[in-house]
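Data block below; observations after.
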Amino acid sequence: MSNVERTTKISKVLRLKAQEFLSSYKYADNLVDIIRHFETGADLLACLLSLELIFTNLLKERQMFVQIVPLKPPEVTPELQYKEWLRHIYEECFNKILNCCESSPTKIQIQGLTTAMNLINYEAKYPLEAKLNLRNYIPLNKLKAVLMKLLTSKENTSHLIQKYEEYLVYDDVLFFTWKILPSLTAKANPNEFYMLNYLQLMEKMQVKRNDDPKAMCWIDGDEKLTFHFDQVKTKRYLNKIWNCLMLWQHTPATHKQLLIVLLERVLPHLEKPLLMTDFLMDSLDVGGPVSLLALQGMFTMIQVHNLEYPNIFAKLYSMFEPEIFHTKFKARLFYLSDLFLSSSHLPGAMVAAFAKRLARLALIAPSEDIIIICMFIGNLIIRHPNLKSLLNRPNGGSATSDPYIMDERDPLKSNAMNSSLWEIQTLQHHVLPSVATAARFINSPLPKVEWDFSKILDSTGDDIFDKEIKKNSKLIVLAFDRPNGSCLTRGEKIALHWNI
Amino acid sequence: MAKTKNKKKNLAEHISDKKKSKNAKTLNPFEMHINKEKIKVLGRKLKNDRGLPGVSRAKALKKRKGTLLQEFKLMNKSNKFIDKRIGEHNSGLSEDDRAMARYAAVRFKAHKKSSIFNLANDEVLTHKGQTLSEIEKFANTRSDDESNADEDTGRLESDFVEDAHFGGGVLTKTGNEGFKSHKDLINQLIAESKKRKAEKQKAKEQTLELTEKLDEEWKDLIPLVNNSFKRVAEVQADKSEVDDYDRIMKELKNQPRGYATDRLKTEDEIAREEKEKLEQLERERLSRMRGVFEDDKSEAPKHRSADDLDDNFAYDFEPEVTLSYNEKGESNVPVDKEMRVEVDGVEEEEEESEAVEEEEGDSEAVEEEEDGDAESEDDLSDLKEEDSSSDDEMNGDNEDSDRESSVTDNIKADLLVRKEMMEKAREELPYTFTLPNSYEELHELLHNKSAEHHCVILERMIKCNHPSLGEANKETLGLLFVYLLQYIDDLNLNSDIVNCFKISNFLVPQLFDLAQLNQENAQQAISEVIKEKQRDYRKNKKLFPSLNVLIFLKIVSCLFPTSDFRHPVVTPTIVFMDQMLHNCRIRSRRDIAYGLFLVTLVLEFTALSKRYLPSATKFLAGVLHMAIPKPCVKQIKVLPPFRSISSHLVLTKRTTTLTTTKLELTDLTELDISEDFKQRSLQVALQLVSEFNENFHELSSNCEIFSPIEEYLGQIPTANYTPDLRQLLGEILDKLKSNHDKKLYYIVMQASKPKALRLYEPNIQKVYDVKSRKIMSKEKMERAKLLHKIKVEKKGALREIRRDKAFLGRVKIKERIESDKLRKEKVKKIFAEANIQQSELNSMDRKNQRRRK
């Protein structure tokens, strides 16, 4: 209570002081006061805001502007001295503000970054010295300092990077960030925090110009020319950076992140993408989400760059493990495997192995995935008509056990063609009606057109719940056996196993 | 000889001819007209191939004479006399006979009126219109002057009569009175008579008035004369004061003692009805379980016989009605006799053919009926089958119940104790409760009461406010249901879980009753609760939600049929449980117990329908996995949310006895895993596995479902467990292994029916005449038919009118000729007479002239 009051009071006082300082030279001491208060570490937020207020105004009014005339020593006037003093303090303050971005509460960190970027913005618009090229001027040393803070090796700065992403929509900021990054890239093995931060930043950065071109440091009005985003240069920077990145020693977390960055941003812009093949193949063997991401990379390589990789289907096959349902990437796996298996020229035995393995997995999968798997298997059978023997063995007959070998790693040897989809038959007895109906596709002749399950790839159990609860059927059915206590007259199980 | 022979022969022929002529009038071939036929069809009988124009004309003429001529004769005549005297028109009767007949009729009429046994008093003698007997009663004797006055009424004064009727003489007339016209005389007469009448009336009224006055005065005098009247009055006053007692007694006496009602049902009947009802409900439940709804059945195509050729004209426009017959043998569908537009001259033939058609229709109908019978028999057999299946299930239940008999014994003992407690509670509490208006009221009422009190309070509350006692109660009881759910939600399970479960146990039957009273509300309320709980759970999917959720899940299983294929409440609930079992982390005793409770619930939900939920078996596998000790390096794979290194349930100490084999409610609240709990949870998990295994016995891939469990079971070290548990484990392992022996039948898709070739209807045109008719809708057809009929009738009517006119013209001209002839004759006669006269006159003249000469 009092704390809040105190902070509001102090912020008011600080704001007042700042305004006084701006109004007249007499109050120059106010600035010193504020900085001193800032240094104590209390009320950082208020101090940051008031400092931002002071310096943006100073920059706007060009009070720190020094005209340098070549070959002419500047005259020492009190005014000049004051300006010099102000500039000195400005540089100092900028560093201090950036220091806020370290080891302080998240809110202060973000505010520090905002203040710093604001100051850069104003300095770019109202430079401290006369520049030859007034356009596209950005104080690079300051921006570099900001980036250094972002790419610290001390802690995870994802929140700051998230904030910084807001500035990356400006073409100039984006371009200069690319320009500065190579100089900031570590050559030797860096710390994990650094790598993660670096990769996170890279993930946010586009390689091409933004769709809606705009520049942050733009002096309004006089010129219509937009900022020129040099794509070629950017690509050069990117390749430079990537060469360094690949040399780092990656931890599993950074490895994953690296793959995400590679797939989403970098791969199309690399000069020699085939060089990535080794990396991707190594990644494929890691297992879990990493290999899944690598698989996607491989797919692009095969598709776009004509890479030949013989064992890809065995890899894909090995990825279908029960654990897959508890990862975030299962939708991606289904999507990818659908892509991989979309060719109708694949050997039937292999596709049958996939279908059978999927069916096995469906026995333990969550309900929403069973629906997808059912559709997937259906699509496979539609694509490969010789798989119909899985659903319809014309001669009938029986087997003592399932001929399919689940533990076989090679899909071609799994003997799936001699099996039947008993799992789907079992799933027709699933408790949930939506799943049971999805599994009924094997009872009737298959349609000619494949099912489109891309829409339900991301559905969760919640979606099924919502759907079921919305199915507001008019039929109201209640039990007719009056329970005895809370014991059902038929099929009571709780009382059987619990002492109630 | 020869002559005689001839004569004889002639005679015989003559006789035979006579006989023939008697039998059939021989047709004169010259009178016959033959209609020429254009096309001869063999075997066709024609009605109109020949006609007798003369005969038919004569017939028509005769008819006209009877009708039209009569009307013509009476034309322009407003009146007519009909002589109805008996025998007047009968010329055969003589005058006497007629009189006799008339008298007989009168006698007969008189005789008819009185009783047949009354022989004497047939005729009532009258005098002046009054019967003698009436006169003899002297009921209305009047004084002489009155009767005289009566006699006088309406009569004219004597001098007037004298004057008017007889005063015609010249002598009586005096000149001064002047001559009265006849009209004046009549007027005077009328005025006179009216005046007299009025005077009479007045006098009569006066006398009446006076008499009445006298009567009244006389009544006043009576008390002085006699006392008896007074007593009568008193008695009347007494009578008027009837007391209530009497009145009520009378009312009661007159009240109907009892009403005719249905016969009271015997206990057997009641039991049977109850059983039938339950069986019906069970059948419905089974059909819902299979996901089939009865509505679908009713949409089966209507039966049509195989012989039905669809040859009805305009078949498509007709609504299909199955033909059936009522008691009189009339079909419910009017057979359309006039489907086709009738053509002149071929009616009969059509009728015949239609008759044939009708016969066919009959036979069809018979067939249809037979089919219908067959169908109904089929239905019965279906029902029987269902019955038997339900019987089977009942038997199965019996077996179950055998197995559970030990459990039920325990429950029985428990129930006895409970009953005593309830009795106690019943005595302690007041008998009536009003329904709470808000949740707070209910909370106040139930708060801090024991579980038994909860039950009794609610029982009485529901009884006192049953919907049969008032319309509004249904709504308020619905509210009570919602409040109760809220109350359960507010129970603090973490502090005293045993008591809370006890309370909920007592509340469930009440909730069941309330739900039955207002079903829609109950379903909606529970569904809202589940929705809300699921929303809460969504915030953190890794954690089990609060313990109240378990109670609600249990309530769902008690109130709703969990075996339905799809149910608006049960299905979302299962989704919810599925999510929890899939996602929630298992770390402590509480989590394990919570999960096992959920799995038990899943078993309960699927006990009847024998359906499969992967997450339940997965959870059981996880629990078993936790009981396997893991040496430091070796990792045994397990599915998330279980962790492959966790081994919370590994028994460290050797135990020999176990206090109870069941899980306790307190397990749901505690965190630390005790040795006791390890054994109990394993035991329950094993039992659940075996029950699931039994449920899924029919499923084709049940050994794949249980393969991880089997694998884990083999790895659990049994040394430390109690012998019972060890034995159980071994048994279950054997059972699971025996699953592998099952034969798997390859899936064979049902052979689809070969698609029948499309059959085209033969294009049969029904009417083989020259005109081809348009196919049109029923209404249009009807209209066309009517229009044609009108046309035909109009033609016929015009022809008739024309002939009538000709007939009348003939009659008129005949009359004219007749009258002219008469006139001519008359004129002739007159002329002749005149001539005679003239001749006589002339002869006389001549005579006279001769005389003069």
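Labels for the structure tokens follow display order: chains A, B, ..., residues from 1 in each chain, ligands from 1.
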Next item on the list: Run DSSP on the backbone and grab whatever in range 450-537 of chain B lands in alpha helix (DSSP H); send it over as a PyMOL selection string.
Entry: chain B and resi 451-464+473-490+497-517+519-537
Margin query: Using only C-alpha atoms and a cut-off of 7 Å, which residues of chain A sit close to chain B? Please list them as a ChimeraX atom specification.
Written below: /A:322-323,326,363-365,391-394,396-401,420,422-423,426,429-433,443,461,465,468-469,471-473,476-479,482-486,488,491-494,497-500
Selection near Ile312 in chain A, 10 Å with only C-alpha atoms, sequence-local residues under 6 positions removed, as a tab-separated table (two decimals) with N, CA, C and O atoms, in the first residue's frame:
chain	number	residue	atom	x	y	z
A	281	MET	N	21.77	-36.20	-41.41
A	281	MET	CA	21.81	-37.65	-41.22
A	281	MET	C	22.23	-38.00	-39.80
A	281	MET	O	21.68	-38.94	-39.20
A	284	LEU	N	19.26	-37.46	-37.73
A	284	LEU	CA	18.23	-38.50	-37.86
A	284	LEU	C	18.42	-39.61	-36.84
A	284	LEU	O	17.45	-40.21	-36.38
A	295	LEU	N	14.19	-35.28	-40.33
A	295	LEU	CA	13.45	-35.94	-41.39
A	295	LEU	C	12.81	-34.92	-42.32
A	295	LEU	O	12.84	-35.07	-43.55
A	298	MET	N	15.44	-33.61	-44.43
A	298	MET	CA	15.79	-34.58	-45.47
A	298	MET	C	14.78	-34.54	-46.60
A	298	MET	O	15.13	-34.63	-47.77
A	299	PHE	N	13.53	-34.41	-46.19
A	299	PHE	CA	12.48	-34.38	-47.21
A	299	PHE	C	12.70	-33.21	-48.17
A	299	PHE	O	12.62	-33.36	-49.38
A	318	SER	N	11.05	-46.44	-38.08
A	318	SER	CA	11.53	-46.58	-36.70
A	318	SER	C	11.04	-45.42	-35.84
A	318	SER	O	11.12	-45.47	-34.62
A	340	PHE	N	5.60	-38.55	-47.22
A	340	PHE	CA	6.57	-39.55	-47.67
A	340	PHE	C	5.87	-40.72	-48.35
A	340	PHE	O	6.37	-41.25	-49.34
Next item on the list: Per DSSP on the backbone, filter range 640-829 of chain B down to the residues in strand (DSSP E or B) and report them as number ranges by chain.
Entry: B: 663-664, 744-745
Next item on the list: Give me the residues within 12 Å of Lys448 in chain A as a list of chain:residue names, counting only C-alpha atoms and dropping any in the same chain fewer than 3 places off.
Entry: A:Gly378, A:Asn379, A:Leu380, A:Ile381, A:Ile382, A:Arg383, A:His384, A:Pro385, A:Pro445, A:Trp451
Same residues, N, CA, C and O atoms, saved as a compact mmCIF listing (two decimals), in the first residue's frame:
# COMPACT_ATOMS: atom_id res chain seq x y z
N GLY A 378 -6.59 -45.76 -43.71
CA GLY A 378 -7.55 -45.80 -44.81
C GLY A 378 -6.95 -45.21 -46.07
O GLY A 378 -7.04 -45.79 -47.16
N ASN A 379 -6.29 -44.07 -45.92
CA ASN A 379 -5.68 -43.42 -47.09
C ASN A 379 -4.61 -44.31 -47.71
O ASN A 379 -4.51 -44.40 -48.94
N LEU A 380 -3.82 -44.96 -46.85
CA LEU A 380 -2.77 -45.84 -47.38
C LEU A 380 -3.38 -46.94 -48.23
O LEU A 380 -2.87 -47.28 -49.31
N ILE A 381 -4.48 -47.49 -47.72
CA ILE A 381 -5.10 -48.60 -48.45
C ILE A 381 -5.73 -48.11 -49.75
O ILE A 381 -5.70 -48.79 -50.78
N ILE A 382 -6.27 -46.89 -49.70
CA ILE A 382 -6.84 -46.35 -50.93
C ILE A 382 -5.74 -46.14 -51.97
O ILE A 382 -5.91 -46.43 -53.16
N ARG A 383 -4.60 -45.66 -51.50
CA ARG A 383 -3.50 -45.40 -52.42
C ARG A 383 -2.92 -46.69 -52.99
O ARG A 383 -2.51 -46.74 -54.14
N HIS A 384 -2.84 -47.69 -52.13
CA HIS A 384 -2.20 -48.95 -52.55
C HIS A 384 -3.23 -50.06 -52.50
O HIS A 384 -3.42 -50.69 -51.47
N PRO A 385 -3.87 -50.29 -53.61
CA PRO A 385 -5.00 -51.25 -53.59
C PRO A 385 -4.57 -52.66 -53.20
O PRO A 385 -5.39 -53.42 -52.72
N PRO A 445 -16.94 -50.88 -48.22
CA PRO A 445 -15.96 -50.60 -49.28
C PRO A 445 -15.38 -49.19 -49.13
O PRO A 445 -16.10 -48.25 -48.75
N TRP A 451 -9.30 -39.46 -47.47
CA TRP A 451 -9.79 -38.55 -46.43
C TRP A 451 -8.78 -37.44 -46.21
O TRP A 451 -7.57 -37.65 -46.32
